[in-house]
Amino acid sequence: MKLTLRTLAALAVLSVSSCQAPNSIPLDEAGIIPIPRSVTSKSGAFELNSESSIQLIGAGGDLTRVGNFLAEKLRPATGYAIPVSAEKGDLILELTGGEASEKYGIEITDDGVRITSTSAAGLYYGTQTLIKALPVEIENSSVVDTDWTIGNGKIEDEPEFAYRGAMLDVARHFISVEDVKHYIDQMGSLKYNYLHLHLSDDQGWRIEIKSWPKLTEIGGKTEVGGTEGGFYTQAEYTDIVKYAADRFMTVVPEIDMPGHTNAALAAYAELNPGVNLPDGDFATMTEGKIDFDILDKNPEPAEIYTGIEVGFSTFATNKEITYTFVEDVIRELVELTPGPYIHIGGDESHVTEKDDYIYFVERVQGIVTKHGKTSIGWDEIATAKLAPGSVAQFWALEENAKLAKEQGNQIVMSPAKRAYLDMQYDSTSKLGLHWAAYIELDDSYNWDPATYADGINKTDILGVEAPLWTETITNRADIEYMAFPRLAALAEVAWSSNERRNWESFQKRIAQQGKRWDINGIGFYRSPKVNW
């Protein structure tokens with residue numbers, strides 16, 4: 001029988017097609033965010049099936065936890081049992097030898113998937129990548145009839161920056177434990193590894209301090225707008241810390257000081273040097289004469305404050321009771337916080353004289369160091385002498401970031417014009433502020449931390465953080481609308497190299513991520529910059 005060239009070509013196409021599992025997407029076209037360092041596609045695909053199982057190679061509770069996490073993510077939509085054991089499986093999680101790092105590798109063949117790393121955290125990040133390489137229907141909480149395929153290939157990946165953070169301001173409006181955990185879940189899927197909790201401000205004190213109980217009894221009872229506030233008991237805070245740690249995320253607690261302290265000054269008159277004395281109107285603050293010596297006479301408590309002005313409060317930086325208070329708070333926080341950092345705030349302390357501010361920042365860093373932790377503070381702290389290892393968080397002034405660098409200290413990059421998630425998308429945004437800028441999705445994405453500020457290079461940078469302030473944000477729906485999709489853009493800024501990042505590629509991948517958010521009921525902002 002004679003075969004024409006056209007017939008032979010058709011047979012060749014059929015042969016290649018038969019090697020591909022149905023509906024498989026090439027690995028390098030999968031909607032993976034953050035984009036990995038290297039993705040190589042090959043012909044063929046792996047198909048998850050009812051006999052699939054997870055094999056753990058290595059030892060330790062963290063490895064088991066990662067295996068169970070992956071199984072729990074795969075079971076609802078597939079309906080498959082996906083057992084986890086040390087026995088043979090087609091989904092292999094392997095802890096390899098070597099110095100622990102967040103680097104991971106994935107190899108996908110017709111026969112299975114192998115994820116390798118020297119750490120459980122690296123394996124966890126690998127599972128997050130694997131999930132995003134699967135069809136978006138994997139996000140469903142009930143069984144979906146589809147082909148669970150992943151294109152064959154190889155991924156090599158590691159983060160660009162060690163610190164990849166997001167901040168929740170739970171002080172202006174209190175955010176429930178349940179909603180914080182929900183945010184942690186979304187952060188984890190994007191490979192963030194630090195959750196910064198802004199626990200105190202003029203409008204509210206949100207963490208129980210047993211040695212100073214009125215901080216929450218008085219300072220925690222309201223919030224911006226005058227609605228009921230709230231606070232975390234130490235048990236609830238510990239629960240958040242553990243929930244984050246189970247997702248390889250470290251909590252950084254912040255007590256903002258010496259400014260942004262009205263809630264503490266309302267709780268304890270003996271701390272108040274004349275700030276915001278009562279006039280009966282909680283929505284306004286009363287300009288008073290700041291006099292630290294009032295503490296030695298007959299101090300009055302500040303009035304509770306429910307507005308959004310900043311810069312009017314301060315501790316009395318030359319009084320020992322101030323440092324007794326600070327040490328008690330830091331001591332109790334340290335006992336609850338296994339991570340290395342305590343955030344001491346330090347921003348917008350406009351009524352604190354410069355010399356008083358410098359003295360305070362230097363002394364408080366010493367208290368933090370005494371209790372075995374490292375200080376982080378907003379970039380203003382670099383106007384003082386920084387302790388070895390202290391980190392300046394750049395949000396406003398490049399000159400402050402340079403001061404930190406000149407002292408040999410590292411910087412977390414949170415430029416308000418790029419990274420602040422509470423900034424409005426545009427003039428029609430229903431939530432947020434715009435004092436720094438309007439920040440559309442492409443504004444969040446198209447910047448390089450290593451070149452953003454003159455004189456600040458990659459070696460000076462510890463990482464990137466995306467703060468979400470809550471003056472206008474009251475609930476989970478508000479958080480989702482303001483954070484997503486920009487939190488994903490900033491995740492890629494923090495994880496992926498500038499050379500790998502590309503706006504046109506991100507536009508396509510974020511559209512796929514949007515389908516995942518839709519399935520999960522996350523009410524994200526549908527930027528006109530993307531074809532959703």
# chains A, B, ... in the order shown; residues from 1 in each chain; ligands from 1
call {"tool": "residues_around", "arguments": {"residues": "A:Asn457", "least_positions_apart": "6", "cutoff": "12 Å", "atoms": "only C-alpha atoms", "output": "MDAnalysis selection string"}}
result
chainID A and resid 401:402 405 410:413 448:451 463
call {"tool": "write_last_selection", "arguments": {"atoms": "all heavy atoms", "output": "short mmCIF file (atom, residue, chain, number, x, y, z; two decimals), in the first residue's frame"}}
result
data_model
loop_
_atom_site.label_atom_id
_atom_site.label_comp_id
_atom_site.auth_asym_id
_atom_site.auth_seq_id
_atom_site.Cartn_x
_atom_site.Cartn_y
_atom_site.Cartn_z
N ALA A 401 16.36 56.00 53.47
CA ALA A 401 16.87 54.69 53.04
C ALA A 401 18.39 54.75 52.86
O ALA A 401 19.11 53.83 53.25
CB ALA A 401 16.19 54.27 51.74
N LYS A 402 18.88 55.85 52.33
CA LYS A 402 20.33 56.02 52.16
C LYS A 402 21.03 56.08 53.51
O LYS A 402 22.14 55.55 53.67
CB LYS A 402 20.62 57.28 51.35
CG LYS A 402 20.20 57.18 49.89
CD LYS A 402 20.47 58.51 49.18
CE LYS A 402 19.91 58.51 47.77
NZ LYS A 402 20.06 59.82 47.11
N LYS A 405 21.45 52.58 54.66
CA LYS A 405 22.51 51.93 53.91
C LYS A 405 23.89 52.39 54.40
O LYS A 405 24.80 51.55 54.57
CB LYS A 405 22.36 52.24 52.42
CG LYS A 405 23.53 51.75 51.58
CD LYS A 405 23.40 52.15 50.13
CE LYS A 405 24.64 51.70 49.34
NZ LYS A 405 24.50 51.95 47.90
N GLN A 410 20.14 46.97 56.35
CA GLN A 410 19.35 46.64 55.16
C GLN A 410 17.98 47.32 55.18
O GLN A 410 17.54 47.87 56.19
CB GLN A 410 19.20 45.12 55.04
CG GLN A 410 20.49 44.44 54.54
CD GLN A 410 20.20 43.06 54.00
OE1 GLN A 410 19.80 42.17 54.72
NE2 GLN A 410 20.43 42.87 52.69
N ILE A 411 17.33 47.21 54.03
CA ILE A 411 16.09 47.96 53.78
C ILE A 411 15.02 47.01 53.26
O ILE A 411 15.29 46.14 52.43
CB ILE A 411 16.35 49.07 52.74
CG1 ILE A 411 17.40 50.05 53.26
CG2 ILE A 411 15.06 49.80 52.37
CD1 ILE A 411 18.20 50.72 52.17
N VAL A 412 13.80 47.17 53.77
CA VAL A 412 12.62 46.55 53.15
C VAL A 412 11.96 47.62 52.30
O VAL A 412 11.67 48.73 52.76
CB VAL A 412 11.64 46.01 54.21
CG1 VAL A 412 10.29 45.66 53.58
CG2 VAL A 412 12.22 44.79 54.90
N MET A 413 11.70 47.29 51.06
CA MET A 413 11.15 48.26 50.10
C MET A 413 9.63 48.22 50.10
O MET A 413 9.02 47.21 49.74
CB MET A 413 11.68 47.97 48.70
CG MET A 413 13.19 48.12 48.54
SD MET A 413 13.75 49.83 48.74
CE MET A 413 13.14 50.56 47.22
N ASP A 448 11.28 48.06 39.71
CA ASP A 448 12.35 47.17 40.16
C ASP A 448 12.87 47.68 41.50
O ASP A 448 13.40 48.80 41.57
CB ASP A 448 13.48 47.15 39.13
CG ASP A 448 14.63 46.25 39.52
OD1 ASP A 448 14.56 45.60 40.58
OD2 ASP A 448 15.63 46.20 38.76
N PRO A 449 12.72 46.92 42.58
CA PRO A 449 13.20 47.38 43.89
C PRO A 449 14.68 47.77 43.88
O PRO A 449 15.09 48.67 44.62
CB PRO A 449 12.95 46.17 44.79
CG PRO A 449 11.85 45.42 44.13
CD PRO A 449 12.05 45.61 42.66
N ALA A 450 15.46 47.11 43.04
CA ALA A 450 16.91 47.34 43.03
C ALA A 450 17.32 48.64 42.36
O ALA A 450 18.47 49.07 42.49
CB ALA A 450 17.62 46.16 42.37
N THR A 451 16.39 49.27 41.63
CA THR A 451 16.72 50.53 40.95
C THR A 451 15.75 51.65 41.30
O THR A 451 15.89 52.77 40.79
CB THR A 451 16.71 50.34 39.42
OG1 THR A 451 15.41 49.91 38.99
CG2 THR A 451 17.75 49.31 39.00
N GLY A 463 14.17 42.86 51.32
CA GLY A 463 13.00 42.35 50.63
C GLY A 463 12.00 43.44 50.31
O GLY A 463 12.32 44.63 50.31
#
call {"tool": "closest_atom_pairs", "arguments": {"of": "stretch 205-230 of chain A", "to": "stretch 472-482 of chain A", "cutoff": "10 Å", "atoms": "only C-alpha atoms", "output": "tab-separated table"}}
result
residue	atom	partner	partner_atom	distance
A:Glu223	CA	A:Thr474	CA	9.7
A:Val224	CA	A:Thr472	CA	8.3
A:Gly225	CA	A:Thr472	CA	9.3
A:Thr227	CA	A:Thr474	CA	9.9
call {"tool": "closest_residue", "arguments": {"among": "A:Val530, A:Leu487, A:Val241, A:Ala453", "to": "A:Leu468", "atoms": "only C-alpha atoms"}}
result
A:Leu487
call {"tool": "select_by_dssp", "arguments": {"residues": "stretch 229-440 of chain A", "states": "strand (DSSP E or B)", "output": "NGL selection string"}}
result
:A and (232 or 250-254 or 341-343 or 374-378 or 391-394 or 411-413 or 423 or 433)
call {"tool": "select_by_dssp", "arguments": {"residues": "stretch 376-514 of chain A", "states": "helix (DSSP H, G or I)", "output": "ChimeraX atom specification"}}
result
/A:379-383,398-406,416-419,441-445,449-452,458-460,476-483,486-495,503-514
call {"tool": "closest_atom_pairs", "arguments": {"of": "stretch 313-361 of chain A", "to": "stretch 252-273 of chain A", "cutoff": "9 Å", "atoms": "only C-alpha atoms", "output": "Markdown table"}}
result
| residue | atom | partner | partner_atom | distance |
| --- | --- | --- | --- | --- |
| A:Ser313 | CA | A:Gly259 | CA | 5.1 |
| A:Thr314 | CA | A:Gly259 | CA | 4.4 |
| A:Phe315 | CA | A:Pro258 | CA | 5.1 |
| A:Ala316 | CA | A:Pro273 | CA | 5.9 |
| A:Thr317 | CA | A:Pro258 | CA | 7.6 |
| A:Lys319 | CA | A:Leu271 | CA | 8.8 |
| A:Ile321 | CA | A:Leu271 | CA | 7.2 |
| A:Thr322 | CA | A:Leu271 | CA | 6.4 |
| A:Phe325 | CA | A:Leu271 | CA | 8.5 |
| A:Val329 | CA | A:Ile255 | CA | 8.6 |
| A:Ile330 | CA | A:Ile255 | CA | 8.5 |
| A:Leu333 | CA | A:Pro253 | CA | 7.7 |
| A:Thr337 | CA | A:Pro253 | CA | 7.9 |
| A:Gly339 | CA | A:Val252 | CA | 7.0 |
| A:Pro340 | CA | A:Val252 | CA | 8.1 |
| A:Tyr341 | CA | A:Val252 | CA | 5.8 |
| A:Ile342 | CA | A:Pro253 | CA | 5.7 |
| A:His343 | CA | A:Glu254 | CA | 4.3 |
| A:Ile344 | CA | A:Ile255 | CA | 5.4 |
| A:Gly345 | CA | A:Asp256 | CA | 3.9 |
| A:Gly346 | CA | A:Met257 | CA | 5.3 |
| A:Asp347 | CA | A:Gly259 | CA | 7.0 |
| A:Glu348 | CA | A:Gly259 | CA | 6.6 |
| A:Ser349 | CA | A:Gly259 | CA | 4.3 |
| A:His350 | CA | A:Gly259 | CA | 7.5 |
| A:Val351 | CA | A:Gly259 | CA | 7.9 |
| A:Thr352 | CA | A:Gly259 | CA | 7.5 |
| A:Tyr357 | CA | A:Pro258 | CA | 7.4 |
| A:Phe360 | CA | A:Pro258 | CA | 7.4 |
| A:Val361 | CA | A:Pro258 | CA | 8.2 |
call {"tool": "residues_around", "arguments": {"residues": "A:Leu95", "least_positions_apart": "3", "cutoff": "10 Å", "atoms": "only C-alpha atoms", "output": "mmCIF file with C-alpha atoms, in the first residue's frame"}}
result
data_model
loop_
_atom_site.group_PDB
_atom_site.id
_atom_site.type_symbol
_atom_site.label_atom_id
_atom_site.label_comp_id
_atom_site.auth_asym_id
_atom_site.auth_seq_id
_atom_site.Cartn_x
_atom_site.Cartn_y
_atom_site.Cartn_z
ATOM 1 C CA LEU A 56 7.194 11.552 50.967
ATOM 2 C CA ILE A 57 10.952 11.040 50.772
ATOM 3 C CA GLY A 58 12.734 12.375 53.831
ATOM 4 C CA ALA A 59 11.664 12.847 57.415
ATOM 5 C CA GLY A 60 10.033 15.371 59.686
ATOM 6 C CA LEU A 63 7.389 17.321 55.297
ATOM 7 C CA ILE A 92 6.773 12.750 44.992
ATOM 8 C CA GLY A 98 22.307 20.344 51.608
ATOM 9 C CA ALA A 100 18.173 24.492 53.730
ATOM 10 C CA TYR A 104 12.884 24.035 44.670
ATOM 11 C CA ILE A 115 9.231 18.132 43.655
ATOM 12 C CA THR A 116 12.603 18.475 45.356
ATOM 13 C CA SER A 117 14.073 20.949 47.820
ATOM 14 C CA THR A 118 16.498 21.107 50.716
ATOM 15 C CA SER A 119 13.712 22.476 52.949
ATOM 16 C CA ALA A 120 10.051 21.845 53.673
ATOM 17 C CA GLY A 122 10.856 24.983 49.382
ATOM 18 C CA LEU A 123 8.630 21.951 48.898
#
call {"tool": "closest_residue", "arguments": {"among": "A:Tyr305, A:Tyr237, A:Tyr420, A:Tyr445", "to": "A:Ala491", "atoms": "only C-alpha atoms"}}
result
A:Tyr445
